[in-house]
Amino acid sequence: IAWWSGVYVAMLGGTFLFWRISGFIGMEFITRSTTTAYERLYTYVSLHSHTYFSIRFAGSLSNKISNVAEGTDRLLEGLLWQYGMGILS
């Protein structure tokens with residue numbers, strides 16, 4: 001019976017370790033995706049002419065870019081931890 005207790009404790013520890021590692025990988029993925037969204041959107045907007053920025057408020061454009069990047073964060077987080085766990089289980 002002592003052997004089975006050791007197996008149980010080892011499996012429980014492995015489960016906790018896997019859970020921590022998957023959380024770290026998921027957050028790393030979300031952080032990199034959000035950073036990529038910011039970079040690509042700012043690169044795209046910076047290619048516009050000076051007239052484009054004079055007609056529109058630059059702060060408003062920056063705010064919209066931030067909203068999209070943060071939305072990407074919330075979308076990926078929901079997919080990974082709400083729907084992803086349901087699919088895996």
# chains A, B, ... in the order shown; residues from 1 in each chain; ligands from 1
call {"tool": "residues_around", "arguments": {"residues": "Ala37 in chain A", "least_positions_apart": "3", "cutoff": "12 Å", "atoms": "only C-alpha atoms", "output": "list of chain:residue names"}}
result
A:Ile30, A:Thr31, A:Arg32, A:Ser33, A:Thr34, A:Arg40, A:Leu41, A:Tyr42, A:Thr43, A:Tyr44, A:Lys64, A:Ile65, A:Ser66, A:Asn67, A:Val68, A:Ala69, A:Glu70, A:Gly71, A:Thr72, A:Asp73
call {"tool": "residues_around", "arguments": {"residues": "Leu80 in chain A", "least_positions_apart": "5", "cutoff": "10 Å", "atoms": "only C-alpha atoms", "output": "ChimeraX atom specification"}}
result
/A:23,26-27,30,74-75,85-87
call {"tool": "atom_distance", "arguments": {"atom1": "CA of Leu17 in chain A", "atom2": "CA of Tyr83 in chain A"}}
result
21.4 Å
call {"tool": "decode", "arguments": {"residues": "range 73-84 of chain A", "atoms": "all heavy atoms", "output": "PDB file, in the first residue's frame"}}
result
ATOM      1  N   ASP A  73      -5.771  40.077 -26.260  1.00  0.00           N
ATOM      2  CA  ASP A  73      -5.401  39.451 -24.988  1.00  0.00           C
ATOM      3  C   ASP A  73      -6.606  38.741 -24.374  1.00  0.00           C
ATOM      4  O   ASP A  73      -6.508  37.577 -23.980  1.00  0.00           O
ATOM      5  CB  ASP A  73      -4.877  40.536 -24.046  1.00  0.00           C
ATOM      6  CG  ASP A  73      -4.514  39.997 -22.687  1.00  0.00           C
ATOM      7  OD1 ASP A  73      -3.764  39.018 -22.623  1.00  0.00           O
ATOM      8  OD2 ASP A  73      -4.979  40.581 -21.687  1.00  0.00           O
ATOM      9  N   ARG A  74      -7.735  39.425 -24.286  1.00  0.00           N
ATOM     10  CA  ARG A  74      -8.933  38.825 -23.683  1.00  0.00           C
ATOM     11  C   ARG A  74      -9.453  37.654 -24.511  1.00  0.00           C
ATOM     12  O   ARG A  74      -9.904  36.644 -23.966  1.00  0.00           O
ATOM     13  CB  ARG A  74     -10.019  39.882 -23.512  1.00  0.00           C
ATOM     14  CG  ARG A  74      -9.711  40.864 -22.396  1.00  0.00           C
ATOM     15  CD  ARG A  74     -10.895  41.743 -22.088  1.00  0.00           C
ATOM     16  NE  ARG A  74     -11.338  42.524 -23.244  1.00  0.00           N
ATOM     17  CZ  ARG A  74     -10.928  43.759 -23.510  1.00  0.00           C
ATOM     18  NH1 ARG A  74     -10.085  44.358 -22.714  1.00  0.00           N
ATOM     19  NH2 ARG A  74     -11.374  44.388 -24.571  1.00  0.00           N
ATOM     20  N   LEU A  75      -9.393  37.772 -25.840  1.00  0.00           N
ATOM     21  CA  LEU A  75      -9.860  36.699 -26.710  1.00  0.00           C
ATOM     22  C   LEU A  75      -9.022  35.436 -26.530  1.00  0.00           C
ATOM     23  O   LEU A  75      -9.566  34.338 -26.350  1.00  0.00           O
ATOM     24  CB  LEU A  75      -9.813  37.146 -28.172  1.00  0.00           C
ATOM     25  CG  LEU A  75     -10.173  36.091 -29.205  1.00  0.00           C
ATOM     26  CD1 LEU A  75     -11.665  35.798 -29.157  1.00  0.00           C
ATOM     27  CD2 LEU A  75      -9.763  36.542 -30.588  1.00  0.00           C
ATOM     28  N   LEU A  76      -7.709  35.585 -26.560  1.00  0.00           N
ATOM     29  CA  LEU A  76      -6.834  34.417 -26.403  1.00  0.00           C
ATOM     30  C   LEU A  76      -6.963  33.809 -25.018  1.00  0.00           C
ATOM     31  O   LEU A  76      -6.945  32.590 -24.865  1.00  0.00           O
ATOM     32  CB  LEU A  76      -5.388  34.806 -26.687  1.00  0.00           C
ATOM     33  CG  LEU A  76      -5.071  35.123 -28.141  1.00  0.00           C
ATOM     34  CD1 LEU A  76      -3.642  35.630 -28.268  1.00  0.00           C
ATOM     35  CD2 LEU A  76      -5.298  33.919 -29.026  1.00  0.00           C
ATOM     36  N   GLU A  77      -7.085  34.664 -24.008  1.00  0.00           N
ATOM     37  CA  GLU A  77      -7.247  34.153 -22.649  1.00  0.00           C
ATOM     38  C   GLU A  77      -8.531  33.334 -22.526  1.00  0.00           C
ATOM     39  O   GLU A  77      -8.544  32.255 -21.942  1.00  0.00           O
ATOM     40  CB  GLU A  77      -7.274  35.320 -21.667  1.00  0.00           C
ATOM     41  CG  GLU A  77      -7.295  34.906 -20.231  1.00  0.00           C
ATOM     42  CD  GLU A  77      -7.230  36.105 -19.307  1.00  0.00           C
ATOM     43  OE1 GLU A  77      -6.560  37.098 -19.667  1.00  0.00           O
ATOM     44  OE2 GLU A  77      -7.859  36.049 -18.243  1.00  0.00           O
ATOM     45  N   GLY A  78      -9.612  33.834 -23.105  1.00  0.00           N
ATOM     46  CA  GLY A  78     -10.869  33.090 -23.068  1.00  0.00           C
ATOM     47  C   GLY A  78     -10.792  31.784 -23.833  1.00  0.00           C
ATOM     48  O   GLY A  78     -11.298  30.751 -23.382  1.00  0.00           O
ATOM     49  N   LEU A  79     -10.143  31.817 -24.992  1.00  0.00           N
ATOM     50  CA  LEU A  79     -10.012  30.598 -25.788  1.00  0.00           C
ATOM     51  C   LEU A  79      -9.178  29.543 -25.077  1.00  0.00           C
ATOM     52  O   LEU A  79      -9.511  28.361 -25.089  1.00  0.00           O
ATOM     53  CB  LEU A  79      -9.397  30.918 -27.152  1.00  0.00           C
ATOM     54  CG  LEU A  79     -10.297  31.620 -28.153  1.00  0.00           C
ATOM     55  CD1 LEU A  79      -9.508  32.004 -29.405  1.00  0.00           C
ATOM     56  CD2 LEU A  79     -11.479  30.751 -28.519  1.00  0.00           C
ATOM     57  N   LEU A  80      -8.084  29.983 -24.458  1.00  0.00           N
ATOM     58  CA  LEU A  80      -7.196  29.017 -23.810  1.00  0.00           C
ATOM     59  C   LEU A  80      -7.775  28.441 -22.528  1.00  0.00           C
ATOM     60  O   LEU A  80      -7.708  27.239 -22.295  1.00  0.00           O
ATOM     61  CB  LEU A  80      -5.848  29.669 -23.497  1.00  0.00           C
ATOM     62  CG  LEU A  80      -4.899  29.862 -24.669  1.00  0.00           C
ATOM     63  CD1 LEU A  80      -3.655  30.608 -24.216  1.00  0.00           C
ATOM     64  CD2 LEU A  80      -4.512  28.537 -25.284  1.00  0.00           C
ATOM     65  N   TRP A  81      -8.323  29.301 -21.662  1.00  0.00           N
ATOM     66  CA  TRP A  81      -8.686  28.825 -20.337  1.00  0.00           C
ATOM     67  C   TRP A  81     -10.163  28.536 -20.141  1.00  0.00           C
ATOM     68  O   TRP A  81     -10.528  27.844 -19.209  1.00  0.00           O
ATOM     69  CB  TRP A  81      -8.199  29.800 -19.268  1.00  0.00           C
ATOM     70  CG  TRP A  81      -6.752  29.558 -18.997  1.00  0.00           C
ATOM     71  CD1 TRP A  81      -6.236  28.558 -18.260  1.00  0.00           C
ATOM     72  CD2 TRP A  81      -5.638  30.291 -19.492  1.00  0.00           C
ATOM     73  NE1 TRP A  81      -4.869  28.623 -18.255  1.00  0.00           N
ATOM     74  CE2 TRP A  81      -4.479  29.679 -19.003  1.00  0.00           C
ATOM     75  CE3 TRP A  81      -5.514  31.412 -20.291  1.00  0.00           C
ATOM     76  CZ2 TRP A  81      -3.207  30.151 -19.289  1.00  0.00           C
ATOM     77  CZ3 TRP A  81      -4.251  31.879 -20.565  1.00  0.00           C
ATOM     78  CH2 TRP A  81      -3.128  31.247 -20.065  1.00  0.00           C
ATOM     79  N   GLN A  82     -11.017  29.036 -21.008  1.00  0.00           N
ATOM     80  CA  GLN A  82     -12.437  28.685 -20.863  1.00  0.00           C
ATOM     81  C   GLN A  82     -12.827  27.579 -21.833  1.00  0.00           C
ATOM     82  O   GLN A  82     -13.337  26.555 -21.429  1.00  0.00           O
ATOM     83  CB  GLN A  82     -13.308  29.914 -21.083  1.00  0.00           C
ATOM     84  CG  GLN A  82     -13.183  30.921 -19.964  1.00  0.00           C
ATOM     85  CD  GLN A  82     -14.010  32.164 -20.218  1.00  0.00           C
ATOM     86  OE1 GLN A  82     -14.670  32.280 -21.237  1.00  0.00           O
ATOM     87  NE2 GLN A  82     -13.965  33.093 -19.290  1.00  0.00           N
ATOM     88  N   TYR A  83     -12.550  27.816 -23.100  1.00  0.00           N
ATOM     89  CA  TYR A  83     -12.950  26.831 -24.100  1.00  0.00           C
ATOM     90  C   TYR A  83     -11.914  25.733 -24.281  1.00  0.00           C
ATOM     91  O   TYR A  83     -12.250  24.583 -24.525  1.00  0.00           O
ATOM     92  CB  TYR A  83     -13.235  27.521 -25.438  1.00  0.00           C
ATOM     93  CG  TYR A  83     -14.350  28.523 -25.325  1.00  0.00           C
ATOM     94  CD1 TYR A  83     -14.109  29.875 -25.421  1.00  0.00           C
ATOM     95  CD2 TYR A  83     -15.653  28.097 -25.079  1.00  0.00           C
ATOM     96  CE1 TYR A  83     -15.130  30.798 -25.302  1.00  0.00           C
ATOM     97  CE2 TYR A  83     -16.684  29.012 -24.960  1.00  0.00           C
ATOM     98  CZ  TYR A  83     -16.411  30.360 -25.080  1.00  0.00           C
ATOM     99  OH  TYR A  83     -17.429  31.256 -24.953  1.00  0.00           O
ATOM    100  N   GLY A  84     -10.636  26.077 -24.168  1.00  0.00           N
ATOM    101  CA  GLY A  84      -9.573  25.101 -24.347  1.00  0.00           C
ATOM    102  C   GLY A  84      -9.630  23.995 -23.313  1.00  0.00           C
ATOM    103  O   GLY A  84      -9.444  22.819 -23.623  1.00  0.00           O
TER     104      GLY A  84
END
